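Engineer: Pasting in a structure now, in C-alpha cells, and then I'll have a few things to ask.
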Amino acid sequence: MVNITLPDGSIKKFETAPTGLEVARSISEGLARDCVAMELDGQLQDIYRPIDADAALRLITTRDEEALDIMRHSAAHVMAQAILRLNDKAKLTIGPVIDDGFYYDIDMEPISEDDFAKIEAEMRKIVKEKLPIRREDISKTDALVLYKDEPYKLEMIEDLPDRTISLYRQGEFVDLCRGPHVPHTGFVKAFKLMKVSGAYWRADQSKAQLQRVYGTAYFDKKALKAYLTFLEEARKRNHRKIGEAQELFSFHDEAPGMPFFHPKGMVMWNLLLDFWREAHQAAGYVETKTPIMLQRKLWERSGHWENYRENMYTTVVDDIEYAIKPMNCPGGMLLYKNRPHSYRELPLRAAEIGLVHRHEMSGVLSGLFRVRAFHQDDAHIFMTPDQIEAEILGVLRLVEIIYGAFGLGFHLELSTRPEKSIGTDEQWEIATNGLRSALESYHADYQLNEGDGAFYGPKIDIHIKDALGRTWQCGTIQLDMSLPERFDLNYVDRDNQRQRPIMIHRTVLGSLERFFGILIEHFAGKYPLWMTPVQAVVLPINDDLAPYAGSVRDDLAAAGLRVELDDRAESLNKKVRESQLRQIPLILTIGAKEQAADTLAVRTLDGKVRYGVSRDAFLDTVLAHIRNRKLDLTIFGD
C-alpha cells in the first residue's frame with residue numbers, strides 16, 4: 001500500500017506504486033492532460049516516475065510557476081534534436097534554461113538567423129510527433145560507451161562521480177540530463193529561435209568555439225506573441241540607440257566599458273544629481289568625497305583585497321601598490337575615523353557620489369547597464385544598536401521619494417550570509433535580525449535569498465519595476481558590523497565609554513550610469529519636462545520672423561527654460577517633425593499673428609496645438625510644472 005498526501009492534506013491510497021500521472025488520472029482526466037511534472041517530497045520529478053513509498057505529492061501543471069522552466073528545458077532538447085536531424089556531424093554540449101528561454105551550445109559549422117526557419121520547421125515536426133520523453137538511469141561505464149563518439153559529453157561524464165547517470169530519450173535522440181522533462185514533445189507548443197552567438201566550451205578561450213543558439217518557448221501562441229511584442233517594445237526603448245540619437249552619451253574603443261557623457265547627457269546627469277542632493281539633504285545626510293586610488297594596505301584591512309581582488313584595477317606608485325577603488329566604503333571608514341565621535345552625533349549619515357572602477361569581462365559589457373567605470377551613490381550610516389530599525393526605515397522612506405519621482409515601483413529582497421564572508425556568527429545573527437525586524441516593521445512583502453548577501457554583511461536589495469514591467473536591482477541596504485571592527489571605529493557613549501558603531505552601507509540609485517540607462521528605457525526617450533535636455537524649441541515660419549523668434553528664445557532662457565532656436569531655411573513642417581522625433585516637449589511656432597499679438601502657438605508631444613498663449617501664461621504653467629517635477633507630459637491639461 002502506498003499513501004500519497006496531496007497539498008490539501010487528503011490522502012490517496014494505491015495498492016501498487018503509482019506514477020504521478022496515475023495519481024493525476026485518479027483525480028481527473030483533465031488534470032492528467034495538464035500535468036507537466038510532479039514535486040515529490042519537495043523534489044521535482046518526471047510525472048511518469050513510479051512512487052514506491054509514502055510521499056507528499058504536488059502535481060505541476062502548465063499553470064504552475066515551475067512548469068515553464070521544465071518545458072523550456074524540453075524545448076532545448078527538441079531544438080538540439082532538430083539540429084542533429086539536419087546536421088548529423090554536430091556535437092552537443094549543454095543546453096540550460098535561462099531567463100525568458102533557453103540555449104544550447106553546439107559544435108558545428110557557423111549558422112545565422114537565416115537558418116532558423118529550417119530548424120524551426122524540423123522542431124515543429126518533432127513536436128507534432130509527440131515523442132515520449134523518458135528517463136533512463138545507466139552506470140558511468142555504460143555512459144562512457146554510449147557517448148564514445150561525443151567528446152564533450154565524454155568530458156562531462158568523466159567529471160562525474162562513479163554513480164548512476166541519468167539520460168533522457170525522445171525518439172532517436174538521447175541526451176545526458178538530470179531532468180525533469182515534460183511527458184512528451186507535444187507540450188512544446190509555441191517556440192521561437194531568437195539569436196545565435198559564439199561561445200567557448202566551458203567559457204575557456206583556449207577551448208573550442210561553439211555555436212550558442214538561443215530560443216524561447218511558451219505553452220500557447222498567445223503568450224509567445226505577447227513576449228515577442230514586449231521584446232519589440234524593449235528594442236524601441238533601447239537606451240543605447242536613444243542615447244546616440246539624442247546625443248546623450250557614447251562609448252569609445254580607447255576606454256572600453258567607460259561611458260563618455262555629451263552636453264545634453266550632462267544636463268540630465270546634473271538634474272538627477274540635483275534632485276538626489278535635495279532629497280538627501282532633507283533626509284539629514286551630509287555629502288563627502290574620497291580619493292579614487294588608495295594603497296593596498298587599506299584594501300587588505302577592509303577585506304576587499306582577499307575577497308574582491310580579481311575585480312580591482314591596481315598600479316604601483318613609488319614602489320607602493322595601489323588599487324583604484326571598486327567601492328567607496330574604506331574611504332568612508334577613514335573619514336569617520338578622522339576624529340572622535342560622541343553618541344550625541346549618531347546617527348551620522350554620510351553620502352558620497354563616488355567614481356568606482358570594476359574589471360568586468362568584455363563579453364558582459366552592455367551599454368550603461370554593465371560598465372567598468374561608474375558613479376555609485378553610496379552612503380554610510382553610523383549608529384547605535386538601538387537605532388538600526390529606525391535608520392533602515394528612514395532609508396526605505398527615502399527610496400520611496402526618489403523612485404516615486406520617476407514613477408518607479410519597487411519590491412524588496414533580504415539576502416543572508418554567503419559562503420565567503422568575514423565577521424563572527426554573532427555579528428551576522430545580530431545584523432540579519434536587524435534587517436528582518438525593519439522589514440517586518442515596514443509592512444511590505446519581501447523575498448528571502450539565502451546565502452546571497454555581501455561578504456561583509458546581510459543586505460536588503462531593492463528591485464525597481466519600469467514601464468515595461470521589467471525589474472532592475474538598483475538600491476541596496478547592507479548592515480555591517482565587520483568593517484567598524486576592522487577599522488577600529490568608535491564613539492563615546494553617555495557613560496563616557498568607547499563603543500563600536502553599527503554601520504549601514506546603502507545605495508538608492510546604485511550605479512548612476514545604470515540608473516540613467518533605466519530611465520531612458522523607462523521613459524522611451526520621452527522624459528518628464530523637468531529633466532529633458534531641451535525643454536522647448538522656437539520655430540519662426542519664415543526668415544523675416546527669425547529676429548523676433550530669437551528674442552522669444554532669449555526671454556524664455558532668461559526665465560530658466562532650456563530652449564533652442566531653429567531658424568534654418570527649412571519648411572515649418574519639416575522642423576516640427578524633426579523636433580517631435582527629438583522628443584522636445586514644447587514646440588513654439590512664431591508667425592505674423594504671434595508677433596503682432598506677442599503670443600505663442602504651443603505644440604506639445606500629444607499632438608495638440610494651442611494658439612494665442614501669452615508668454616506670461618506659458619511661463620507660469622511651464623515653470624510650475626518643472627518646479628513640481630511632474631511626470632505628466634500633458635502640461636496644459638486637456
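Letters A, B, ... go to the chains of the C-alpha cells in the order shown; residues in each chain start at 1; ligands are counted from 1 in the same order.
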Using DSSP on the backbone coordinates, identify the residues of range 465-626 of chain A assigned to strand (DSSP E or B); present them as an MDAnalysis selection string.
Structural biologist: chainID A and resid 465 471:480 491:492 498:499 502:511 536:540 563:565 586:590 599:604 609:614
Engineer: Would you please give, as a VMD selection string, all residues of range 183-294 of chain A that DSSP assigns to helix (DSSP H, G or I) based on the backbone?
Structural biologist: chain A and resid 185 to 187 201 to 203 221 to 236 239 to 245 263 to 282
Engineer: Using only C-alpha atoms, which protein or nucleic acid residues come within 9 Å of range 613-629 of chain A? Drop anything in the same chain fewer than 5 positions from it, and give the result as a list in words.
Structural biologist: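 Using only C-alpha atoms, the neighbours found are Ala405, Pro528, Leu529, Trp530, Met531, Val552, Leu556, Ala559, Gly560, Leu561, Glu594, Ala597, Asp598, Thr599, Leu600, Ala601, Val602, Ile635 and Phe636 of chain A.
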Engineer: Put those residues in a file: N, CA, C and O atoms, as a short mmCIF file (atom, residue, chain, number, x, y, z; two decimals), in the first residue's frame.
Structural biologist:
data_model
loop_
_atom_site.label_atom_id
_atom_site.label_comp_id
_atom_site.auth_asym_id
_atom_site.auth_seq_id
_atom_site.Cartn_x
_atom_site.Cartn_y
_atom_site.Cartn_z
N ALA A 405 9.51 59.73 -7.72
CA ALA A 405 9.64 60.89 -8.61
C ALA A 405 9.71 60.49 -10.07
O ALA A 405 9.43 61.29 -10.97
N PRO A 528 10.17 63.39 -18.44
CA PRO A 528 9.41 64.48 -17.81
C PRO A 528 10.04 65.81 -18.14
O PRO A 528 11.26 65.91 -18.34
N LEU A 529 9.22 66.84 -18.20
CA LEU A 529 9.70 68.15 -18.64
C LEU A 529 10.88 68.64 -17.81
O LEU A 529 11.82 69.24 -18.34
N TRP A 530 10.89 68.37 -16.50
CA TRP A 530 11.93 68.93 -15.64
C TRP A 530 13.31 68.37 -15.95
O TRP A 530 14.31 69.02 -15.67
N MET A 531 13.39 67.16 -16.54
CA MET A 531 14.71 66.58 -16.77
C MET A 531 15.06 66.39 -18.24
O MET A 531 16.12 65.87 -18.56
N VAL A 552 12.31 85.89 -28.42
CA VAL A 552 11.46 84.99 -27.60
C VAL A 552 12.32 83.93 -26.94
O VAL A 552 12.19 83.65 -25.74
N LEU A 556 12.74 83.36 -22.82
CA LEU A 556 12.40 82.10 -22.17
C LEU A 556 13.63 81.51 -21.48
O LEU A 556 13.52 80.94 -20.37
N ALA A 559 14.26 83.12 -18.25
CA ALA A 559 13.31 82.69 -17.21
C ALA A 559 13.68 81.33 -16.65
O ALA A 559 13.06 80.88 -15.68
N GLY A 560 14.66 80.67 -17.27
CA GLY A 560 15.12 79.39 -16.73
C GLY A 560 14.83 78.18 -17.58
O GLY A 560 15.13 77.05 -17.18
N LEU A 561 14.25 78.37 -18.77
CA LEU A 561 13.98 77.22 -19.64
C LEU A 561 15.21 76.87 -20.47
O LEU A 561 16.00 77.74 -20.84
N GLU A 594 1.40 85.76 -34.16
CA GLU A 594 2.05 85.63 -32.85
C GLU A 594 2.93 86.86 -32.56
O GLU A 594 2.95 87.38 -31.43
N ALA A 597 0.61 89.89 -31.79
CA ALA A 597 -0.10 89.81 -30.50
C ALA A 597 0.83 89.48 -29.35
O ALA A 597 0.38 89.43 -28.20
N ASP A 598 2.10 89.26 -29.65
CA ASP A 598 3.09 88.84 -28.64
C ASP A 598 2.61 87.58 -27.89
O ASP A 598 2.61 87.51 -26.66
N THR A 599 2.17 86.59 -28.70
CA THR A 599 1.71 85.32 -28.14
C THR A 599 2.52 84.18 -28.74
O THR A 599 3.39 84.38 -29.59
N LEU A 600 2.18 82.97 -28.32
CA LEU A 600 2.87 81.78 -28.80
C LEU A 600 1.85 80.76 -29.29
O LEU A 600 0.76 80.64 -28.73
N ALA A 601 2.22 80.01 -30.33
CA ALA A 601 1.48 78.81 -30.73
C ALA A 601 2.27 77.63 -30.17
O ALA A 601 3.42 77.42 -30.56
N VAL A 602 1.66 76.88 -29.25
CA VAL A 602 2.38 75.85 -28.50
C VAL A 602 1.91 74.47 -28.93
O VAL A 602 0.74 74.11 -28.76
N ILE A 635 1.09 69.01 -20.30
CA ILE A 635 1.47 70.15 -19.48
C ILE A 635 0.34 71.16 -19.33
O ILE A 635 0.14 71.75 -18.27
N PHE A 636 -0.47 71.33 -20.39
CA PHE A 636 -1.52 72.34 -20.36
C PHE A 636 -2.90 71.74 -20.10
O PHE A 636 -3.91 72.40 -20.30
#
Engineer: Compile the contact shell of range 471-486 of chain A as number ranges by chain: residues with an atom at most 6 Å away, counting only C-alpha atoms, same-chain residues fewer than 3 positions apart removed.
Structural biologist: A: 423, 431, 457-465, 489, 502-510
Engineer: Write a file of the selected residues as a PDB file, in the first residue's frame, keeping N, CA, C and O atoms.
Structural biologist:
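New file selection.pdb:
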ATOM      1  N   GLY A 423      33.625  38.250   9.505  1.00  0.00           N
ATOM      2  CA  GLY A 423      32.804  38.533  10.673  1.00  0.00           C
ATOM      3  C   GLY A 423      32.412  37.266  11.419  1.00  0.00           C
ATOM      4  O   GLY A 423      32.493  36.154  10.892  1.00  0.00           O
ATOM      5  N   ALA A 431      23.055  41.302  12.783  1.00  0.00           N
ATOM      6  CA  ALA A 431      22.825  42.112  11.583  1.00  0.00           C
ATOM      7  C   ALA A 431      21.602  41.613  10.805  1.00  0.00           C
ATOM      8  O   ALA A 431      20.751  42.406  10.381  1.00  0.00           O
ATOM      9  N   GLY A 457      28.302  41.440   5.121  1.00  0.00           N
ATOM     10  CA  GLY A 457      27.056  41.614   5.860  1.00  0.00           C
ATOM     11  C   GLY A 457      25.833  41.252   5.044  1.00  0.00           C
ATOM     12  O   GLY A 457      25.880  41.201   3.809  1.00  0.00           O
ATOM     13  N   PRO A 458      24.701  40.978   5.729  1.00  0.00           N
ATOM     14  CA  PRO A 458      23.445  40.719   5.024  1.00  0.00           C
ATOM     15  C   PRO A 458      22.940  42.002   4.372  1.00  0.00           C
ATOM     16  O   PRO A 458      23.417  43.096   4.683  1.00  0.00           O
ATOM     17  N   LYS A 459      21.984  41.876   3.482  1.00  0.00           N
ATOM     18  CA  LYS A 459      21.544  43.075   2.770  1.00  0.00           C
ATOM     19  C   LYS A 459      20.078  42.965   2.361  1.00  0.00           C
ATOM     20  O   LYS A 459      19.523  41.867   2.245  1.00  0.00           O
ATOM     21  N   ILE A 460      19.485  44.127   2.179  1.00  0.00           N
ATOM     22  CA  ILE A 460      18.173  44.243   1.552  1.00  0.00           C
ATOM     23  C   ILE A 460      18.410  44.789   0.150  1.00  0.00           C
ATOM     24  O   ILE A 460      18.973  45.879  -0.010  1.00  0.00           O
ATOM     25  N   ASP A 461      18.022  44.038  -0.862  1.00  0.00           N
ATOM     26  CA  ASP A 461      18.115  44.524  -2.238  1.00  0.00           C
ATOM     27  C   ASP A 461      16.774  45.115  -2.634  1.00  0.00           C
ATOM     28  O   ASP A 461      15.708  44.565  -2.320  1.00  0.00           O
ATOM     29  N   ILE A 462      16.843  46.224  -3.350  1.00  0.00           N
ATOM     30  CA  ILE A 462      15.639  46.950  -3.756  1.00  0.00           C
ATOM     31  C   ILE A 462      15.533  46.865  -5.269  1.00  0.00           C
ATOM     32  O   ILE A 462      16.399  47.369  -5.995  1.00  0.00           O
ATOM     33  N   HIS A 463      14.490  46.208  -5.747  1.00  0.00           N
ATOM     34  CA  HIS A 463      14.302  45.980  -7.180  1.00  0.00           C
ATOM     35  C   HIS A 463      13.195  46.882  -7.690  1.00  0.00           C
ATOM     36  O   HIS A 463      12.055  46.807  -7.224  1.00  0.00           O
ATOM     37  N   ILE A 464      13.523  47.744  -8.655  1.00  0.00           N
ATOM     38  CA  ILE A 464      12.520  48.641  -9.216  1.00  0.00           C
ATOM     39  C   ILE A 464      11.841  47.983 -10.415  1.00  0.00           C
ATOM     40  O   ILE A 464      12.385  47.065 -11.028  1.00  0.00           O
ATOM     41  N   LYS A 465      10.657  48.461 -10.728  1.00  0.00           N
ATOM     42  CA  LYS A 465       9.903  47.956 -11.883  1.00  0.00           C
ATOM     43  C   LYS A 465       9.656  49.111 -12.836  1.00  0.00           C
ATOM     44  O   LYS A 465       9.141  50.163 -12.441  1.00  0.00           O
ATOM     45  N   LEU A 489      36.606  51.513  14.590  1.00  0.00           N
ATOM     46  CA  LEU A 489      35.787  52.710  14.705  1.00  0.00           C
ATOM     47  C   LEU A 489      35.105  52.733  16.071  1.00  0.00           C
ATOM     48  O   LEU A 489      34.682  51.693  16.586  1.00  0.00           O
ATOM     49  N   ILE A 502      27.430  50.564  14.861  1.00  0.00           N
ATOM     50  CA  ILE A 502      26.873  49.731  13.800  1.00  0.00           C
ATOM     51  C   ILE A 502      26.860  50.587  12.534  1.00  0.00           C
ATOM     52  O   ILE A 502      26.652  51.803  12.602  1.00  0.00           O
ATOM     53  N   MET A 503      27.072  49.963  11.376  1.00  0.00           N
ATOM     54  CA  MET A 503      27.129  50.737  10.140  1.00  0.00           C
ATOM     55  C   MET A 503      26.209  50.147   9.080  1.00  0.00           C
ATOM     56  O   MET A 503      26.110  48.919   8.940  1.00  0.00           O
ATOM     57  N   ILE A 504      25.539  51.018   8.351  1.00  0.00           N
ATOM     58  CA  ILE A 504      24.766  50.637   7.168  1.00  0.00           C
ATOM     59  C   ILE A 504      25.488  51.170   5.937  1.00  0.00           C
ATOM     60  O   ILE A 504      25.855  52.349   5.882  1.00  0.00           O
ATOM     61  N   HIS A 505      25.728  50.280   4.967  1.00  0.00           N
ATOM     62  CA  HIS A 505      26.072  50.724   3.611  1.00  0.00           C
ATOM     63  C   HIS A 505      24.745  50.780   2.863  1.00  0.00           C
ATOM     64  O   HIS A 505      23.944  49.851   2.968  1.00  0.00           O
ATOM     65  N   ARG A 506      24.542  51.803   2.062  1.00  0.00           N
ATOM     66  CA  ARG A 506      23.316  51.805   1.263  1.00  0.00           C
ATOM     67  C   ARG A 506      23.486  52.614  -0.005  1.00  0.00           C
ATOM     68  O   ARG A 506      24.262  53.575  -0.068  1.00  0.00           O
ATOM     69  N   THR A 507      22.804  52.167  -1.038  1.00  0.00           N
ATOM     70  CA  THR A 507      22.669  52.941  -2.267  1.00  0.00           C
ATOM     71  C   THR A 507      21.183  53.031  -2.590  1.00  0.00           C
ATOM     72  O   THR A 507      20.395  52.170  -2.188  1.00  0.00           O
ATOM     73  N   VAL A 508      20.814  54.057  -3.319  1.00  0.00           N
ATOM     74  CA  VAL A 508      19.435  54.184  -3.787  1.00  0.00           C
ATOM     75  C   VAL A 508      19.406  54.026  -5.307  1.00  0.00           C
ATOM     76  O   VAL A 508      18.736  53.161  -5.846  1.00  0.00           O
ATOM     77  N   LEU A 509      20.169  54.863  -5.990  1.00  0.00           N
ATOM     78  CA  LEU A 509      20.261  54.740  -7.448  1.00  0.00           C
ATOM     79  C   LEU A 509      21.189  53.605  -7.844  1.00  0.00           C
ATOM     80  O   LEU A 509      21.082  53.051  -8.931  1.00  0.00           O
ATOM     81  N   GLY A 510      22.124  53.246  -6.952  1.00  0.00           N
ATOM     82  CA  GLY A 510      23.118  52.226  -7.284  1.00  0.00           C
ATOM     83  C   GLY A 510      24.169  52.842  -8.178  1.00  0.00           C
ATOM     84  O   GLY A 510      24.795  53.840  -7.849  1.00  0.00           O
TER      85      GLY A 510
END
